[in-house]
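Trainee: mmCIF, C-alpha atoms and all ligand atoms, file work_31.cif:
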```
data_model
loop_
_atom_site.label_atom_id
_atom_site.label_comp_id
_atom_site.auth_asym_id
_atom_site.auth_seq_id
_atom_site.Cartn_x
_atom_site.Cartn_y
_atom_site.Cartn_z
CA MET A 1 99.06 89.18 61.65
CA LEU A 2 96.93 92.30 61.42
CA ASN A 3 97.88 95.14 59.14
CA LEU A 4 96.28 98.29 60.48
CA ASN A 5 95.31 101.07 58.13
CA ALA A 6 96.61 99.57 54.87
CA ASP A 7 95.49 101.64 51.89
CA PHE A 8 92.31 103.36 53.09
CA LYS A 9 91.33 105.06 49.82
CA ALA A 10 91.71 101.86 47.80
CA ARG A 11 89.47 99.87 50.17
CA ALA A 12 86.90 102.57 51.00
CA VAL A 13 84.45 101.21 48.43
CA GLU A 14 84.07 98.03 50.56
CA LEU A 15 83.18 99.82 53.78
CA PRO A 16 79.40 100.36 53.45
CA GLU A 17 78.98 96.61 52.82
CA LEU A 18 81.17 95.72 55.83
CA PHE A 19 79.05 97.96 58.09
CA ARG A 20 75.82 96.54 56.61
CA GLU A 21 76.85 92.93 57.25
CA VAL A 22 78.17 93.54 60.76
CA PHE A 23 75.22 95.62 62.03
CA THR A 24 72.65 93.36 60.34
CA ALA A 25 74.13 90.44 62.28
CA SER A 26 74.50 92.29 65.60
CA GLU A 27 71.25 94.33 65.53
CA SER A 28 68.82 94.06 62.59
CA GLU A 29 68.50 94.51 58.85
CA ASP A 30 67.21 98.05 59.37
CA GLU A 31 70.19 98.94 61.51
CA GLY A 32 72.53 97.34 58.95
CA ARG A 33 71.04 99.49 56.20
CA ALA A 34 71.16 102.65 58.34
CA VAL A 35 74.82 102.26 59.38
CA SER A 36 75.81 101.33 55.84
CA ALA A 37 74.11 104.50 54.53
CA LEU A 38 75.79 106.56 57.23
CA ALA A 39 79.23 105.17 56.27
CA ALA A 40 78.62 105.87 52.57
CA ASP A 41 77.44 109.40 53.39
CA LEU A 42 80.48 110.03 55.60
CA LEU A 43 82.84 108.83 52.86
CA ASN A 44 81.09 110.79 50.10
CA THR A 45 80.37 114.11 51.77
CA THR A 46 83.02 114.74 54.46
CA PRO A 47 85.93 117.04 53.60
CA ASP A 48 89.26 115.15 53.73
CA ASP A 49 90.45 117.25 56.64
CA ASP A 50 87.43 116.27 58.73
CA LEU A 51 87.55 112.46 58.27
CA LEU A 52 89.98 109.77 59.39
CA GLY A 53 89.34 106.13 58.54
CA VAL A 54 91.33 103.24 59.96
CA LEU A 55 91.21 99.69 58.67
CA ALA A 56 92.24 96.30 59.97
CA MET A 57 93.36 93.90 57.24
CA ASP A 58 94.21 90.22 57.56
CA ARG A 59 96.34 89.68 54.46
CA ASP A 60 94.00 90.96 51.76
CA VAL A 61 90.77 90.62 53.75
CA LEU A 62 89.15 93.65 55.34
CA VAL A 63 88.29 92.59 58.91
CA GLY A 64 87.48 95.87 60.65
CA CYS A 65 87.00 99.59 60.24
CA ILE A 66 86.47 102.78 62.23
CA LEU A 67 85.50 106.18 60.90
CA PHE A 68 86.40 109.29 62.88
CA SER A 69 84.85 112.64 61.89
CA ARG A 70 85.38 116.16 63.14
CA LEU A 71 83.16 117.86 65.69
CA HIS A 72 83.57 121.61 65.35
CA TYR A 73 83.58 123.62 68.59
CA ASP A 74 83.71 127.18 67.29
CA GLN A 75 84.37 128.64 70.75
CA ASP A 76 87.28 126.32 71.60
CA PRO A 77 90.66 126.10 69.85
CA ARG A 78 91.04 122.36 70.51
CA GLN A 79 90.47 119.75 67.80
CA VAL A 80 87.74 117.25 68.64
CA PHE A 81 86.77 114.11 66.69
CA LEU A 82 83.84 111.71 66.96
CA MET A 83 84.55 107.96 66.78
CA SER A 84 81.66 106.30 64.92
CA PRO A 85 80.87 103.85 63.48
CA VAL A 86 83.10 100.94 64.57
CA ALA A 87 82.84 97.43 63.14
CA VAL A 88 84.77 94.17 63.23
CA ARG A 89 83.72 91.36 60.86
CA THR A 90 81.22 89.14 62.62
CA ASP A 91 83.33 85.98 62.30
CA ARG A 92 86.40 87.78 63.69
CA GLN A 93 84.88 89.46 66.75
CA LYS A 94 86.07 88.96 70.34
CA SER A 95 89.66 88.25 69.38
CA GLY A 96 91.08 91.68 70.23
CA ILE A 97 90.82 93.29 66.77
CA GLY A 98 88.39 96.02 67.93
CA GLN A 99 90.64 97.16 70.76
CA LYS A 100 93.75 97.14 68.54
CA LEU A 101 91.92 99.13 65.89
CA ILE A 102 90.64 101.72 68.37
CA GLY A 103 94.11 102.08 69.95
CA PHE A 104 95.66 102.53 66.52
CA GLY A 105 93.02 105.08 65.49
CA LEU A 106 93.51 107.13 68.67
CA GLU A 107 97.27 107.17 68.06
CA GLN A 108 96.73 108.39 64.48
CA LEU A 109 94.48 111.18 65.76
CA ARG A 110 97.09 112.16 68.36
CA LEU A 111 99.73 112.33 65.63
CA HIS A 112 97.40 114.65 63.68
CA GLY A 113 97.15 116.99 66.69
CA VAL A 114 93.66 116.01 67.81
CA ASP A 115 93.03 116.91 71.47
CA PHE A 116 89.84 115.10 72.43
CA VAL A 117 87.74 112.19 71.13
CA VAL A 118 84.11 111.52 71.89
CA SER A 119 81.89 108.60 70.99
CA TYR A 120 78.45 107.25 71.66
CA GLY A 121 78.52 103.66 72.87
CA ASP A 122 78.79 101.12 75.66
CA PRO A 123 81.16 102.46 78.38
CA ALA A 124 81.85 98.84 79.48
CA TYR A 125 83.50 98.07 76.14
CA TYR A 126 85.04 101.44 75.26
CA GLY A 127 86.45 101.82 78.79
CA LYS A 128 89.01 99.19 77.73
CA THR A 129 90.54 101.79 75.39
CA GLY A 130 90.45 104.77 77.73
CA PHE A 131 86.97 106.19 77.18
CA GLN A 132 84.93 107.33 80.16
CA THR A 133 81.35 108.42 80.49
CA ILE A 134 81.23 112.20 80.16
CA THR A 135 78.48 114.75 80.73
CA GLU A 136 77.26 117.36 78.30
CA GLU A 137 79.13 119.92 80.44
CA VAL A 138 82.44 118.29 79.43
CA ALA A 139 81.65 118.34 75.70
CA GLN A 140 78.30 119.38 74.26
CA PRO A 141 76.89 116.91 71.72
CA PRO A 142 75.72 118.48 68.44
CA MET A 143 72.17 117.19 68.97
CA PRO A 144 70.08 116.03 71.93
CA LEU A 145 71.16 112.52 73.02
CA SER A 146 68.54 109.80 73.32
CA MET A 147 70.91 107.84 75.62
CA PRO A 148 73.09 110.32 77.55
CA GLN A 149 74.64 107.43 79.49
CA GLY A 150 76.37 106.40 76.23
CA TRP A 151 78.15 109.75 75.75
CA ILE A 152 81.86 108.94 76.30
CA GLY A 153 85.16 110.68 75.70
CA GLN A 154 88.84 110.97 76.45
CA THR A 155 91.60 113.53 76.18
CA LEU A 156 94.52 112.76 73.86
CA SER A 157 96.58 115.80 74.89
CA GLY A 158 96.25 115.57 78.67
CA ASP A 159 94.11 118.73 78.79
CA GLN A 160 91.15 117.81 81.00
CA LYS A 161 89.31 121.15 80.80
CA PRO A 162 85.73 121.01 79.47
CA ILE A 163 85.39 121.87 75.78
CA GLU A 164 83.79 125.31 75.41
CA GLY A 165 80.51 126.02 73.72
CA PRO A 166 78.16 124.17 71.34
CA SER A 167 79.33 121.74 68.65
CA ARG A 168 78.60 121.08 64.98
CA CYS A 169 78.97 117.64 63.41
CA VAL A 170 79.78 116.87 59.76
CA SER A 171 76.73 116.72 57.48
CA ALA A 172 76.40 112.90 57.47
CA PHE A 173 75.71 113.02 61.22
CA ASN A 174 73.34 115.96 60.96
CA ARG A 175 70.27 113.79 61.60
CA PRO A 176 68.55 113.72 65.00
CA GLU A 177 67.72 109.99 64.73
CA LEU A 178 71.44 109.14 64.80
CA TRP A 179 71.75 110.67 68.27
C1 LIG B 1 81.99 96.16 69.25
C2 LIG B 1 83.10 95.57 68.37
C3 LIG B 1 83.65 96.66 67.47
C4 LIG B 1 84.20 95.05 69.28
O1 LIG B 1 85.24 94.50 68.50
P1 LIG B 1 85.86 93.07 68.87
O2 LIG B 1 87.03 92.86 68.01
O3 LIG B 1 84.78 92.07 68.85
O4 LIG B 1 86.27 93.33 70.40
P2 LIG B 1 87.64 92.93 71.09
O5 LIG B 1 87.94 91.51 70.74
O6 LIG B 1 88.67 93.95 70.86
O7 LIG B 1 87.25 93.06 72.61
C5 LIG B 1 86.60 92.00 73.17
C6 LIG B 1 86.26 92.36 74.58
O8 LIG B 1 85.24 93.35 74.60
C7 LIG B 1 84.02 92.78 75.09
N1 LIG B 1 82.95 93.34 74.25
C8 LIG B 1 82.82 93.24 72.92
N2 LIG B 1 81.70 93.90 72.51
C9 LIG B 1 81.13 94.43 73.63
C10 LIG B 1 79.98 95.20 73.89
N3 LIG B 1 79.14 95.60 72.90
N4 LIG B 1 79.71 95.56 75.16
C11 LIG B 1 80.52 95.18 76.18
N5 LIG B 1 81.64 94.43 75.99
C12 LIG B 1 81.94 94.05 74.74
C13 LIG B 1 84.21 91.31 74.96
O9 LIG B 1 83.42 90.61 75.88
C14 LIG B 1 85.70 91.18 75.28
O10 LIG B 1 85.98 91.33 76.65
P3 LIG B 1 87.33 90.73 77.31
O11 LIG B 1 88.48 91.44 76.63
O12 LIG B 1 87.20 91.07 78.75
O13 LIG B 1 87.30 89.28 77.00
C15 LIG B 1 82.59 94.39 67.51
O14 LIG B 1 82.17 93.36 68.34
C16 LIG B 1 81.48 94.77 66.55
O15 LIG B 1 81.75 95.16 65.42
N6 LIG B 1 80.21 94.62 66.98
C17 LIG B 1 79.06 94.89 66.15
C18 LIG B 1 78.94 96.34 65.77
C19 LIG B 1 78.96 97.26 66.98
O16 LIG B 1 78.27 97.04 67.98
N7 LIG B 1 79.78 98.33 66.88
C20 LIG B 1 79.92 99.28 67.96
C21 LIG B 1 78.91 100.34 67.94
S1 LIG B 1 79.31 101.61 66.73
#
```
Would you mind writing the structure in this file as structure tokens?

Mentor:
Amino acid sequence: MLNLNADFKARAVELPELFREVFTASESEDEGRAVSALAADLLNTTPDDDLLGVLAMDRDVLVGCILFSRLHYDQDPRQVFLMSPVAVRTDRQKSGIGQKLIGFGLEQLRLHGVDFVVSYGDPAYYGKTGFQTITEEVAQPPMPLSMPQGWIGQTLSGDQKPIEGPSRCVSAFNRPELW
């Protein structure tokens, strides 16, 4: 039985290592280090109001995590969050945990009044939880995208209008190589 979002603050110290292990196994040691550093930076430097973390626990074992951080659109009143990074423990992948965790995270954002969520990933996988490929006209990314085909998003409020104007990410994402 999964327990989603147990006590985030108490378990946050474990997250960089979870991301390191998962991305080292799925991509490379360099990628593991980079995503681990990104997670640590997000946790250490993002204002509370701009970060939402969701966890999947199996009893006392951390099996998955997603970090959501705010994208500021100064010309649009809607609240927009970025979903990244996402990880499920390597030995627990492909059993539905990722989709449950994403669905739970989106519901938490909706409850917090968030209107729109974007991410940067494989549309084939994230389409299972409502994401669709979007263009930069729908929501401008904060930096040039190296893979525009991976820019995905979905409305949480039903408002389908494009988000107005340029965006700013939180400082941990303020690095061109992450985009
Ligand atoms: C991507 C990830 C979060 C998915 O979590 P998961 O718990 O393994 O996925 P689920 O069990 O919920 O979903 C499994 C389904 O998605 C598919 N799937 C999983 N990863 C996929 C991917 N990268 N691309 C396309 N499909 C994928 C599976 O084939 C399966 O399909 P099915 O439901 O038709 O059988 C997880 O595999 C992971 O942590 N991977 C390594 C890190 C990573 O790539 N993170 C995402 C980028 S930030």

Trainee: Of the candidates A:Leu178, A:Ala12, A:Val117, A:Leu109, which one gets nearest to ligand LIG 1 (chain B) if we count only C-alpha atoms and all ligand atoms?

Mentor: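 Among A:Leu178, A:Ala12, A:Val117, A:Leu109, it is A:Leu178 that comes nearest to ligand LIG 1 (chain B).
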
Trainee: As an NGL selection string, please: every protein or nucleic acid residue near ligand LIG 1 (chain B) (cut-off 8 Å, counting all atoms listed in the file).

Mentor: :A and (19 or 22-23 or 25-27 or 64 or 84-90 or 92-101 or 120-126 or 128)

Trainee: What does the structure give for the distance between atom CA of Met57 of chain A and atom CA of Leu156 of chain A, in Å to one decimal?

Mentor: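 Atom-to-atom, atom CA of Met57 of chain A and atom CA of Leu156 of chain A are spaced 25.2 Å apart.
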
Trainee: Dig up all the protein and nucleic acid residues within 10 Å of (80.9, 109.7, 77.5) in the file frame, using all atoms listed in the file, and format them as a list in words.

Mentor: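 Collected hits near the coordinates: Val117, Val118, Ser119, Tyr120, Gly121, Asp122, Pro123, Tyr126, Gly127, Phe131, Gln132, Thr133, Ile134, Thr135, Glu136, Val138, Ala139, Pro148, Gln149, Gly150, Trp151, Ile152, Gly153 and Gln154 of chain A.
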
Trainee: Could you list, as a PyMOL selection string, every residue within 7 Å of segment 157-166 of chain A, counting only C-alpha atoms and ignoring same-chain residues fewer than 3 positions away?

Mentor: chain A and resi 73+75-76+115+137-140+142

Trainee: Could you state the separation of atom CA of Ala34 of chain A and atom CA of Val13 of chain A in Å, given to one decimal place?

Mentor: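 Spanning atom CA of Ala34 of chain A to atom CA of Val13 of chain A is a straight-line distance of 16.6 Å.
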
Trainee: Take atom CA of Pro77 of chain A and atom CA of Asn44 of chain A and report the distance between them in Å, one decimal.

Mentor: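 If I compute the distance from atom CA of Pro77 of chain A to atom CA of Asn44 of chain A, I get 26.8 Å.
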
Trainee: I'd like to know which of A:Gln108, A:Ser146, A:Thr129, A:Ser28 is closest to Leu52 of chain A, using only C-alpha atoms.

Mentor: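 Nearest to Leu52 of chain A: A:Gln108.
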
Trainee: So, with all atoms listed in the file as the atoms that count, which of A:Ile66, A:Arg175, A:Ala56, A:Val61 lies closest to Pro16 of chain A?

Mentor: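 For Pro16 of chain A, the nearest of the candidates is A:Ile66.
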
Trainee: Set the distance at 10 Å and use all atoms listed in the file: which residues neighbour Val170 of chain A once local chain neighbours fewer than 6 positions away are removed? I'd like the list as a VMD selection string.

Mentor: chain A and resid 42 45 to 47 50 to 51 69 to 72 82 142

Trainee: Pick the closest to Arg59 of chain A from A:Met143, A:Leu111, A:Leu4, A:Met83: which is it, counting only C-alpha atoms?

Mentor: A:Leu4

Trainee: From the options A:Asp41, A:Val54, A:Arg110, A:Trp179, which residue's atoms come nearest to Phe8 of chain A, counting all atoms listed in the file?

Mentor: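 Among A:Asp41, A:Val54, A:Arg110, A:Trp179, it is A:Val54 that comes nearest to Phe8 of chain A.
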
Trainee: Is it possible to dump segment 54-83 of chain A as a PDB file, in the first residue's frame, including just N, CA and C atoms?

Mentor:
```
ATOM      1  N   VAL A  54       6.119  16.041  -3.580  1.00  0.00           N
ATOM      2  CA  VAL A  54       5.254  14.917  -3.200  1.00  0.00           C
ATOM      3  C   VAL A  54       6.099  13.645  -3.165  1.00  0.00           C
ATOM      4  N   LEU A  55       5.790  12.808  -2.195  1.00  0.00           N
ATOM      5  CA  LEU A  55       6.552  11.587  -1.975  1.00  0.00           C
ATOM      6  C   LEU A  55       5.648  10.378  -2.093  1.00  0.00           C
ATOM      7  N   ALA A  56       6.234   9.257  -2.514  1.00  0.00           N
ATOM      8  CA  ALA A  56       5.550   7.965  -2.402  1.00  0.00           C
ATOM      9  C   ALA A  56       6.352   7.130  -1.414  1.00  0.00           C
ATOM     10  N   MET A  57       5.678   6.643  -0.381  1.00  0.00           N
ATOM     11  CA  MET A  57       6.326   5.813   0.636  1.00  0.00           C
ATOM     12  C   MET A  57       5.703   4.423   0.613  1.00  0.00           C
ATOM     13  N   ASP A  58       6.521   3.401   0.759  1.00  0.00           N
ATOM     14  CA  ASP A  58       6.017   2.054   0.984  1.00  0.00           C
ATOM     15  C   ASP A  58       6.456   1.687   2.400  1.00  0.00           C
ATOM     16  N   ARG A  59       5.510   1.694   3.325  1.00  0.00           N
ATOM     17  CA  ARG A  59       5.826   1.664   4.755  1.00  0.00           C
ATOM     18  C   ARG A  59       6.827   2.784   5.026  1.00  0.00           C
ATOM     19  N   ASP A  60       8.037   2.447   5.473  1.00  0.00           N
ATOM     20  CA  ASP A  60       8.970   3.512   5.815  1.00  0.00           C
ATOM     21  C   ASP A  60       9.972   3.799   4.695  1.00  0.00           C
ATOM     22  N   VAL A  61       9.790   3.145   3.544  1.00  0.00           N
ATOM     23  CA  VAL A  61      10.783   3.278   2.471  1.00  0.00           C
ATOM     24  C   VAL A  61      10.314   4.296   1.440  1.00  0.00           C
ATOM     25  N   LEU A  62      11.198   5.252   1.155  1.00  0.00           N
ATOM     26  CA  LEU A  62      10.901   6.255   0.133  1.00  0.00           C
ATOM     27  C   LEU A  62      11.042   5.594  -1.238  1.00  0.00           C
ATOM     28  N   VAL A  63       9.951   5.552  -2.017  1.00  0.00           N
ATOM     29  CA  VAL A  63      10.023   4.869  -3.324  1.00  0.00           C
ATOM     30  C   VAL A  63       9.866   5.817  -4.511  1.00  0.00           C
ATOM     31  N   GLY A  64       9.462   7.058  -4.264  1.00  0.00           N
ATOM     32  CA  GLY A  64       9.332   7.972  -5.392  1.00  0.00           C
ATOM     33  C   GLY A  64       9.178   9.402  -4.925  1.00  0.00           C
ATOM     34  N   CYS A  65       9.479  10.325  -5.822  1.00  0.00           N
ATOM     35  CA  CYS A  65       9.368  11.749  -5.471  1.00  0.00           C
ATOM     36  C   CYS A  65       9.195  12.597  -6.728  1.00  0.00           C
ATOM     37  N   ILE A  66       8.444  13.669  -6.577  1.00  0.00           N
ATOM     38  CA  ILE A  66       8.343  14.708  -7.609  1.00  0.00           C
ATOM     39  C   ILE A  66       8.509  16.058  -6.934  1.00  0.00           C
ATOM     40  N   LEU A  67       9.243  16.940  -7.579  1.00  0.00           N
ATOM     41  CA  LEU A  67       9.305  18.332  -7.132  1.00  0.00           C
ATOM     42  C   LEU A  67       8.608  19.213  -8.169  1.00  0.00           C
ATOM     43  N   PHE A  68       7.734  20.071  -7.686  1.00  0.00           N
ATOM     44  CA  PHE A  68       7.063  21.061  -8.526  1.00  0.00           C
ATOM     45  C   PHE A  68       7.560  22.445  -8.076  1.00  0.00           C
ATOM     46  N   SER A  69       7.931  23.297  -9.024  1.00  0.00           N
ATOM     47  CA  SER A  69       8.358  24.653  -8.634  1.00  0.00           C
ATOM     48  C   SER A  69       7.640  25.689  -9.509  1.00  0.00           C
ATOM     49  N   ARG A  70       7.539  26.887  -8.946  1.00  0.00           N
ATOM     50  CA  ARG A  70       6.739  27.919  -9.613  1.00  0.00           C
ATOM     51  C   ARG A  70       7.441  28.476 -10.853  1.00  0.00           C
ATOM     52  N   LEU A  71       6.652  28.708 -11.893  1.00  0.00           N
ATOM     53  CA  LEU A  71       7.093  29.523 -13.028  1.00  0.00           C
ATOM     54  C   LEU A  71       6.300  30.822 -12.930  1.00  0.00           C
ATOM     55  N   HIS A  72       7.011  31.924 -12.827  1.00  0.00           N
ATOM     56  CA  HIS A  72       6.329  33.222 -12.715  1.00  0.00           C
ATOM     57  C   HIS A  72       6.046  33.765 -14.111  1.00  0.00           C
ATOM     58  N   TYR A  73       4.778  34.095 -14.356  1.00  0.00           N
ATOM     59  CA  TYR A  73       4.401  34.813 -15.588  1.00  0.00           C
ATOM     60  C   TYR A  73       3.883  36.169 -15.124  1.00  0.00           C
ATOM     61  N   ASP A  74       4.732  37.177 -15.189  1.00  0.00           N
ATOM     62  CA  ASP A  74       4.383  38.465 -14.584  1.00  0.00           C
ATOM     63  C   ASP A  74       3.220  39.158 -15.282  1.00  0.00           C
ATOM     64  N   GLN A  75       2.961  38.765 -16.547  1.00  0.00           N
ATOM     65  CA  GLN A  75       1.869  39.418 -17.294  1.00  0.00           C
ATOM     66  C   GLN A  75       0.573  38.616 -17.249  1.00  0.00           C
ATOM     67  N   ASP A  76       0.522  37.542 -16.452  1.00  0.00           N
ATOM     68  CA  ASP A  76      -0.679  36.705 -16.419  1.00  0.00           C
ATOM     69  C   ASP A  76      -1.021  36.409 -14.959  1.00  0.00           C
ATOM     70  N   PRO A  77      -2.300  36.539 -14.576  1.00  0.00           N
ATOM     71  CA  PRO A  77      -2.652  36.342 -13.173  1.00  0.00           C
ATOM     72  C   PRO A  77      -2.675  34.869 -12.746  1.00  0.00           C
ATOM     73  N   ARG A  78      -2.610  33.944 -13.728  1.00  0.00           N
ATOM     74  CA  ARG A  78      -2.721  32.530 -13.360  1.00  0.00           C
ATOM     75  C   ARG A  78      -1.440  31.999 -12.706  1.00  0.00           C
ATOM     76  N   GLN A  79      -1.623  30.989 -11.861  1.00  0.00           N
ATOM     77  CA  GLN A  79      -0.482  30.343 -11.198  1.00  0.00           C
ATOM     78  C   GLN A  79      -0.032  29.151 -12.038  1.00  0.00           C
ATOM     79  N   VAL A  80       1.258  29.128 -12.345  1.00  0.00           N
ATOM     80  CA  VAL A  80       1.812  28.067 -13.188  1.00  0.00           C
ATOM     81  C   VAL A  80       2.965  27.398 -12.444  1.00  0.00           C
ATOM     82  N   PHE A  81       3.005  26.055 -12.472  1.00  0.00           N
ATOM     83  CA  PHE A  81       4.101  25.313 -11.853  1.00  0.00           C
ATOM     84  C   PHE A  81       4.753  24.396 -12.879  1.00  0.00           C
ATOM     85  N   LEU A  82       6.027  24.140 -12.638  1.00  0.00           N
ATOM     86  CA  LEU A  82       6.836  23.233 -13.457  1.00  0.00           C
ATOM     87  C   LEU A  82       6.994  21.922 -12.706  1.00  0.00           C
ATOM     88  N   MET A  83       6.730  20.798 -13.374  1.00  0.00           N
ATOM     89  CA  MET A  83       6.906  19.477 -12.751  1.00  0.00           C
ATOM     90  C   MET A  83       8.256  18.915 -13.174  1.00  0.00           C
TER      91      MET A  83
END
```
